[in-house]
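Shown next, in structure tokens, is the structure this report addresses.
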Amino acid sequence: MSGLRDEARRNGIETEYTSEAGTLETVSDGTLRALLEALRHDGRAKEAPPREAGAGMARCYLPSWFARERCWGFTCQLYGLRSGRNWGIGDFDDLAVFAEAAAALGADFLGINPLHALFPQAPDRNSPYSPSSRRFLNALYIAPDRLPEFAQLEDGNEAAEAATLRETTLLDYPAIARLKARVLNRAFANAPQHPERWRAFGSFREDEGEGLESFALHEAIAEFLIRTHGRSLTWPAWPPELQDPENMAVRRFAEANAERIAFHAWLQWVAARQLAKAQERACRAGMRIGLYADLAVGVAADGAATWRDRRVVVADAHIGAPPDPINAQGQDWGLAPFSPQGLSRADMAPLRDDMRAAMTSAGALRIDHAMILSRLYLIPAGAGAHEGAYVRYPFDKMMATVAEQSQRRRCLVVGETLGTVEPDFRKRLARAQVLSYQVLFFERRADGRFRKPRSWSRLALACLSTHDLATLAGWWSGQDIDWRERSGFASAGAAGDQRDDRRRDKALLTEALRDAGLWSGEVAEETTPELCAAVHRYVARTPARALAVQIEDALGLQEQANLPGPSVQHPNWRRRLPIPVERLGDDPHLLRTVEAVNSERRRPDAT
């Protein structure tokens, strides 16, 4: 079968790879055949370009002060922000309020989850990392009461509904979506009465062009079909004549539903303006970077982006990850990958559009699973997550596109590189001035001990944990292990082994803190403000140019935002902070953490 393997390699499919455990894994013939077929957009596979050596002269933006100063900021899940005025979900006004409070504490940035458009007709599809489109925004984050077009809540029932939603511990996405849809529709009806804003909306619509029109058309069709079918349908289940954007039936629908298409385009204009205002307020408050945005690795296979143009995606494969010590069966993320050949034929336009959208109102951007710029683990449709292979992407062209937008928007770029990574990939990113992403839990020596702060990378963003990992308090108590056992993701025996490992790791972290002169006691029974401050100071002491403080860690919270894997019982993407944004700056635990961080990297103009 050497002919099959030669053909696969010519088309950028790697026939073997080194796993995270260091073993050489050979890809099966069945997987190679399936991926070759998936890459055949026009009846035959396109020969992939040879592997490139590096990023050439492409360089991402770095501010001049990065050469001499370090900075820090908070990260949060926007949906989880609580306030005295929002409607049960954090919104763009809450984001601005938090940014202003964070700036007063000395923060230079505020990181947020991806804000991409999801599925309004199926509000329980709430993962920000499985979007319908990466180019457009999630309208649930609009603050309707901050719009000049806002019509007051119509009656006491609506006001009571908003108040109830504000008090919940977990987000009720369907109820939030219903309330906001009613109010935003009324606001849109008032929009022409504000002629200056209406003209600005017209200019936005013209500037965004066909991409916005296609997205709004998709939303209008989805809205229409849920009314006629009584349930949400994504485009692969639409009537055949509506599945193709070029079909005459779609054009007739657009002509008959121009007002609904205008409504969905208007939502994007409103969202974009409110997000831009949040960035403006963050910088005006003293932040040198402002919002730190997040770009998901791909889009859902049944969303607006794939409906618009299937020529730039591989329809019969999903993005995922190979088996590793934590996920023995591998991971299938259900996301549609870009087609390497489709990207090249389009001169990188889809990637350019996504980068432009993500960077327009941000001072920094995190690229989730940045390995997408070089290769992706693709799983053929219908196969198990362990039956995938790596497919090569045109790194130089993709990196040049990212750098072009970074320089144009004066936006820092952070590359998240956790998991199975090519040996030279992080060096290639560093040459392109992309900050590496360093997480305390993974910064270990070969013997398992934590690396000393001075040995961390300089061109990096450092942090304790991420949205997919336990918070510091949850890690210390083993809450994440409890959840994995409870959800059936870990057997009782495996969970016991993990708890033994965790006891050892806590001892090693305590030893590292003692060696750094930040802790004098034994291994703590539980996390305290003192321990939290010591760990944050340990990471703040590194030479990494940026430090991200997760708000859940700063508040000493146990629960994490997302538990990867088959965690049906875990309320992923639904948790809300216990303290409103208006009072975050008064929390003693948070202030203790801030004091520790500022002792190592205070902003020059901060008090």
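Following the order of the structure tokens, first chain is A, next is B, and so on, with residues numbered from 1 inside each chain and ligands from 1 in the order they appear.
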
Would you mind listing, for every residue of segment 321-431 of chain A within 10 Å of segment 7-12 of chain A, the two atoms forming the shortest contact and the distance between them in Å to one decimal, using only C-alpha atoms, sorted by chain and ascending residue number, as CSV?
```
residue,atom,partner,partner_atom,distance
A:Pro340,CA,A:Gly12,CA,8.8
A:Gln341,CA,A:Asn11,CA,9.5
A:Arg375,CA,A:Gly12,CA,8.9
A:Tyr390,CA,A:Gly12,CA,8.3
A:Val391,CA,A:Gly12,CA,5.4
A:Arg392,CA,A:Gly12,CA,4.8
A:Tyr393,CA,A:Gly12,CA,7.5
A:Pro394,CA,A:Gly12,CA,9.6
```

Please dump the current selection as a PDB file, in the first residue's frame; keep N, CA, C and O atoms.
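The file below, out_19.pdb, is the result:
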```pdb
ATOM      1  N   PRO A 340      -7.239  23.160   3.284  1.00  0.00           N
ATOM      2  CA  PRO A 340      -5.962  23.800   2.932  1.00  0.00           C
ATOM      3  C   PRO A 340      -5.963  24.316   1.501  1.00  0.00           C
ATOM      4  O   PRO A 340      -5.513  25.436   1.223  1.00  0.00           O
ATOM      5  N   GLN A 341      -6.494  23.505   0.579  1.00  0.00           N
ATOM      6  CA  GLN A 341      -6.543  23.930  -0.817  1.00  0.00           C
ATOM      7  C   GLN A 341      -7.560  25.046  -1.025  1.00  0.00           C
ATOM      8  O   GLN A 341      -7.325  25.993  -1.785  1.00  0.00           O
ATOM      9  N   ARG A 375      -0.803  22.519  11.154  1.00  0.00           N
ATOM     10  CA  ARG A 375      -1.422  21.230  10.876  1.00  0.00           C
ATOM     11  C   ARG A 375      -2.589  21.023  11.833  1.00  0.00           C
ATOM     12  O   ARG A 375      -2.647  21.645  12.903  1.00  0.00           O
ATOM     13  N   TYR A 390      -3.012  13.777  11.031  1.00  0.00           N
ATOM     14  CA  TYR A 390      -2.670  15.192  10.882  1.00  0.00           C
ATOM     15  C   TYR A 390      -2.625  15.575   9.410  1.00  0.00           C
ATOM     16  O   TYR A 390      -2.072  14.843   8.582  1.00  0.00           O
ATOM     17  N   VAL A 391      -3.198  16.737   9.110  1.00  0.00           N
ATOM     18  CA  VAL A 391      -3.204  17.292   7.754  1.00  0.00           C
ATOM     19  C   VAL A 391      -2.449  18.611   7.788  1.00  0.00           C
ATOM     20  O   VAL A 391      -2.676  19.454   8.666  1.00  0.00           O
ATOM     21  N   ARG A 392      -1.550  18.771   6.843  1.00  0.00           N
ATOM     22  CA  ARG A 392      -0.669  19.931   6.799  1.00  0.00           C
ATOM     23  C   ARG A 392      -1.381  21.156   6.216  1.00  0.00           C
ATOM     24  O   ARG A 392      -2.175  21.042   5.290  1.00  0.00           O
ATOM     25  N   TYR A 393      -1.098  22.341   6.780  1.00  0.00           N
ATOM     26  CA  TYR A 393      -1.656  23.613   6.302  1.00  0.00           C
ATOM     27  C   TYR A 393      -0.508  24.534   5.883  1.00  0.00           C
ATOM     28  O   TYR A 393       0.625  24.376   6.349  1.00  0.00           O
ATOM     29  N   PRO A 394      -0.792  25.526   5.025  1.00  0.00           N
ATOM     30  CA  PRO A 394       0.274  26.424   4.527  1.00  0.00           C
ATOM     31  C   PRO A 394       0.659  27.469   5.570  1.00  0.00           C
ATOM     32  O   PRO A 394       0.139  28.589   5.578  1.00  0.00           O
TER      33      PRO A 394
END
```

Proximity check segment 327-444 of chain A to segment 304-312 of chain A, 12 Å, nearest pairs one decimal Å, only C-alpha atoms, as JSON lines:
```
{"residue": "A:Leu335", "atom": "CA", "partner": "A:Thr306", "partner_atom": "CA", "distance": 10.4}
{"residue": "A:Ala336", "atom": "CA", "partner": "A:Thr306", "partner_atom": "CA", "distance": 7.9}
{"residue": "A:Pro337", "atom": "CA", "partner": "A:Val312", "partner_atom": "CA", "distance": 8.6}
{"residue": "A:Phe338", "atom": "CA", "partner": "A:Val312", "partner_atom": "CA", "distance": 5.7}
{"residue": "A:Ser339", "atom": "CA", "partner": "A:Val312", "partner_atom": "CA", "distance": 5.2}
{"residue": "A:Pro340", "atom": "CA", "partner": "A:Val312", "partner_atom": "CA", "distance": 8.0}
{"residue": "A:Gln341", "atom": "CA", "partner": "A:Val312", "partner_atom": "CA", "distance": 7.8}
{"residue": "A:Gly342", "atom": "CA", "partner": "A:Val312", "partner_atom": "CA", "distance": 4.4}
{"residue": "A:Leu343", "atom": "CA", "partner": "A:Val312", "partner_atom": "CA", "distance": 5.9}
{"residue": "A:Ser344", "atom": "CA", "partner": "A:Val312", "partner_atom": "CA", "distance": 9.1}
{"residue": "A:Arg345", "atom": "CA", "partner": "A:Val312", "partner_atom": "CA", "distance": 8.6}
{"residue": "A:Ala346", "atom": "CA", "partner": "A:Val312", "partner_atom": "CA", "distance": 7.8}
{"residue": "A:Asp347", "atom": "CA", "partner": "A:Val312", "partner_atom": "CA", "distance": 10.8}
{"residue": "A:Met348", "atom": "CA", "partner": "A:Val312", "partner_atom": "CA", "distance": 9.6}
{"residue": "A:Ala349", "atom": "CA", "partner": "A:Val312", "partner_atom": "CA", "distance": 9.8}
{"residue": "A:Pro350", "atom": "CA", "partner": "A:Val312", "partner_atom": "CA", "distance": 7.8}
{"residue": "A:Leu351", "atom": "CA", "partner": "A:Val312", "partner_atom": "CA", "distance": 10.0}
{"residue": "A:Asp353", "atom": "CA", "partner": "A:Ala305", "partner_atom": "CA", "distance": 11.5}
{"residue": "A:Asp354", "atom": "CA", "partner": "A:Ala305", "partner_atom": "CA", "distance": 10.6}
```

Given the selection you just returned, output its residues as a file containing all heavy atoms, formatted as a CSV table (one decimal), in the first residue's frame.
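The result, stored in out.csv:
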```
chain,number,residue,atom,x,y,z
A,335,LEU,N,-16.0,20.2,14.9
A,335,LEU,CA,-15.8,21.5,14.2
A,335,LEU,C,-15.4,21.2,12.8
A,335,LEU,O,-14.6,20.3,12.5
A,335,LEU,CB,-14.8,22.4,14.9
A,335,LEU,CG,-15.1,22.7,16.3
A,335,LEU,CD1,-13.9,23.5,17.0
A,335,LEU,CD2,-16.4,23.6,16.4
A,336,ALA,N,-15.8,22.1,11.8
A,336,ALA,CA,-15.5,21.9,10.4
A,336,ALA,C,-14.1,22.6,10.2
A,336,ALA,O,-14.0,23.8,10.5
A,336,ALA,CB,-16.5,22.5,9.5
A,337,PRO,N,-13.1,21.9,9.6
A,337,PRO,CA,-11.8,22.5,9.4
A,337,PRO,C,-11.8,23.3,8.1
A,337,PRO,O,-12.6,23.0,7.1
A,337,PRO,CB,-10.9,21.3,9.3
A,337,PRO,CG,-11.8,20.2,8.8
A,337,PRO,CD,-13.2,20.4,9.3
A,338,PHE,N,-11.0,24.3,8.0
A,338,PHE,CA,-10.7,24.9,6.7
A,338,PHE,C,-10.1,23.9,5.8
A,338,PHE,O,-9.4,23.0,6.2
A,338,PHE,CB,-9.7,26.0,6.9
A,338,PHE,CG,-10.3,27.4,7.2
A,338,PHE,CD1,-9.7,28.2,8.2
A,338,PHE,CD2,-11.4,27.9,6.6
A,338,PHE,CE1,-10.2,29.4,8.5
A,338,PHE,CE2,-11.9,29.1,6.9
A,338,PHE,CZ,-11.3,29.9,7.9
A,339,SER,N,-10.4,24.0,4.5
A,339,SER,CA,-9.7,23.2,3.5
A,339,SER,C,-8.4,23.9,3.2
A,339,SER,O,-8.4,25.0,2.8
A,339,SER,CB,-10.5,23.1,2.2
A,339,SER,OG,-9.8,22.8,1.1
A,340,PRO,N,-7.2,23.2,3.3
A,340,PRO,CA,-6.0,23.8,2.9
A,340,PRO,C,-6.0,24.3,1.5
A,340,PRO,O,-5.5,25.4,1.2
A,340,PRO,CB,-4.9,22.7,3.1
A,340,PRO,CG,-5.6,21.7,4.1
A,340,PRO,CD,-7.1,21.8,3.8
A,341,GLN,N,-6.5,23.5,0.6
A,341,GLN,CA,-6.5,23.9,-0.8
A,341,GLN,C,-7.6,25.0,-1.0
A,341,GLN,O,-7.3,26.0,-1.8
A,341,GLN,CB,-6.9,22.7,-1.7
A,341,GLN,CG,-5.8,21.6,-1.8
A,341,GLN,CD,-5.9,20.7,-0.6
A,341,GLN,OE1,-7.0,20.6,0.1
A,341,GLN,NE2,-4.9,19.9,-0.3
A,342,GLY,N,-8.7,25.0,-0.3
A,342,GLY,CA,-9.7,26.0,-0.4
A,342,GLY,C,-9.2,27.3,0.0
A,342,GLY,O,-9.5,28.4,-0.6
A,343,LEU,N,-8.4,27.3,1.1
A,343,LEU,CA,-7.9,28.6,1.6
A,343,LEU,C,-6.9,29.2,0.6
A,343,LEU,O,-6.9,30.4,0.4
A,343,LEU,CB,-7.1,28.3,2.9
A,343,LEU,CG,-7.9,28.4,4.3
A,343,LEU,CD1,-6.9,28.1,5.4
A,343,LEU,CD2,-8.5,29.7,4.5
A,344,SER,N,-6.1,28.3,0.0
A,344,SER,CA,-5.1,28.8,-1.0
A,344,SER,C,-5.8,29.4,-2.2
A,344,SER,O,-5.4,30.4,-2.7
A,344,SER,CB,-4.1,27.7,-1.4
A,344,SER,OG,-3.3,27.3,-0.2
A,345,ARG,N,-6.9,28.7,-2.6
A,345,ARG,CA,-7.6,29.2,-3.8
A,345,ARG,C,-8.3,30.5,-3.5
A,345,ARG,O,-8.4,31.3,-4.4
A,345,ARG,CB,-8.7,28.1,-4.2
A,345,ARG,CG,-8.1,26.9,-4.9
A,345,ARG,CD,-9.2,26.1,-5.6
A,345,ARG,NE,-10.2,25.6,-4.7
A,345,ARG,CZ,-10.2,24.4,-4.2
A,345,ARG,NH1,-9.2,23.6,-4.5
A,345,ARG,NH2,-11.1,24.0,-3.4
A,346,ALA,N,-8.7,30.7,-2.3
A,346,ALA,CA,-9.3,32.0,-1.9
A,346,ALA,C,-8.3,33.0,-1.4
A,346,ALA,O,-8.7,34.1,-0.9
A,346,ALA,CB,-10.3,31.7,-0.8
A,347,ASP,N,-7.0,32.8,-1.6
A,347,ASP,CA,-6.0,33.7,-1.2
A,347,ASP,C,-6.1,34.1,0.3
A,347,ASP,O,-5.9,35.2,0.6
A,347,ASP,CB,-6.0,34.9,-2.1
A,347,ASP,CG,-4.7,35.8,-1.9
A,347,ASP,OD1,-3.7,35.2,-1.6
A,347,ASP,OD2,-4.8,37.0,-2.1
A,348,MET,N,-6.5,33.1,1.1
A,348,MET,CA,-6.6,33.3,2.5
A,348,MET,C,-7.7,34.2,3.0
A,348,MET,O,-7.8,34.6,4.1
A,348,MET,CB,-5.3,33.8,3.2
A,348,MET,CG,-4.1,32.9,2.9
A,348,MET,SD,-4.3,31.4,3.9
A,348,MET,CE,-3.7,30.2,2.7
A,349,ALA,N,-8.6,34.6,2.1
A,349,ALA,CA,-9.7,35.5,2.4
A,349,ALA,C,-10.5,35.1,3.6
A,349,ALA,O,-10.8,36.0,4.5
A,349,ALA,CB,-10.6,35.8,1.2
A,350,PRO,N,-11.0,33.9,3.7
A,350,PRO,CA,-11.8,33.5,4.9
A,350,PRO,C,-11.0,33.7,6.2
A,350,PRO,O,-11.6,34.2,7.2
A,350,PRO,CB,-12.1,32.0,4.7
A,350,PRO,CG,-12.0,31.8,3.2
A,350,PRO,CD,-10.9,32.7,2.8
A,351,LEU,N,-9.8,33.3,6.3
A,351,LEU,CA,-9.0,33.5,7.5
A,351,LEU,C,-8.8,35.0,7.7
A,351,LEU,O,-8.9,35.5,8.9
A,351,LEU,CB,-7.6,32.8,7.3
A,351,LEU,CG,-6.6,33.0,8.5
A,351,LEU,CD1,-7.2,32.4,9.7
A,351,LEU,CD2,-5.3,32.4,8.1
A,353,ASP,N,-10.8,37.4,6.9
A,353,ASP,CA,-12.0,38.0,7.4
A,353,ASP,C,-12.2,37.7,8.9
A,353,ASP,O,-12.6,38.5,9.7
A,353,ASP,CB,-13.2,37.4,6.7
A,353,ASP,CG,-13.3,38.0,5.3
A,353,ASP,OD1,-12.7,39.0,5.0
A,353,ASP,OD2,-14.0,37.4,4.4
A,354,ASP,N,-11.9,36.4,9.3
A,354,ASP,CA,-12.0,36.0,10.7
A,354,ASP,C,-11.1,36.8,11.6
A,354,ASP,O,-11.4,37.3,12.7
A,354,ASP,CB,-11.8,34.6,10.9
A,354,ASP,CG,-12.9,33.7,10.3
A,354,ASP,OD1,-14.0,34.2,10.1
A,354,ASP,OD2,-12.7,32.5,10.2
```

Legend entry - Computed interatomic separation between atom CA of Glu387 of chain A and atom CA of Glu14 of chain A (Å): 12.9 Å

Using only C-alpha atoms, I'd like a table of the residues in segment 202-222 of chain A that come within 10 Å of segment 133-151 of chain A; for each, show the closest atom pair and its distance in Å rounded to one decimal, ordered by chain and ascending number, as a Markdown table.
```
| residue | atom | partner | partner_atom | distance |
| --- | --- | --- | --- | --- |
| A:Gly211 | CA | A:Arg135 | CA | 8.6 |
| A:Leu212 | CA | A:Phe136 | CA | 8.0 |
| A:Phe215 | CA | A:Phe136 | CA | 8.1 |
| A:Ala216 | CA | A:Phe136 | CA | 9.9 |
```

Same residues, C-alpha atoms, output as a short mmCIF file (atom, residue, chain, number, x, y, z; two decimals), in the first residue's frame:
```cif
data_model
loop_
_atom_site.label_atom_id
_atom_site.label_comp_id
_atom_site.auth_asym_id
_atom_site.auth_seq_id
_atom_site.Cartn_x
_atom_site.Cartn_y
_atom_site.Cartn_z
CA GLY A 211 -20.57 38.39 4.18
CA LEU A 212 -23.01 40.22 6.46
CA PHE A 215 -25.10 35.72 7.59
CA ALA A 216 -28.29 37.74 8.15
#
```

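If you measure from each of A:Gly478, A:Cys60, A:Arg40, A:Arg284 to Leu429 of chain A using only C-alpha atoms, the closest one turns out to be A:Cys60.
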
Legend entry - Backbone DSSP call of strand (DSSP E) for segment 121-246 of chain A, listed as a PyMOL selection string: chain A and resi 133-137
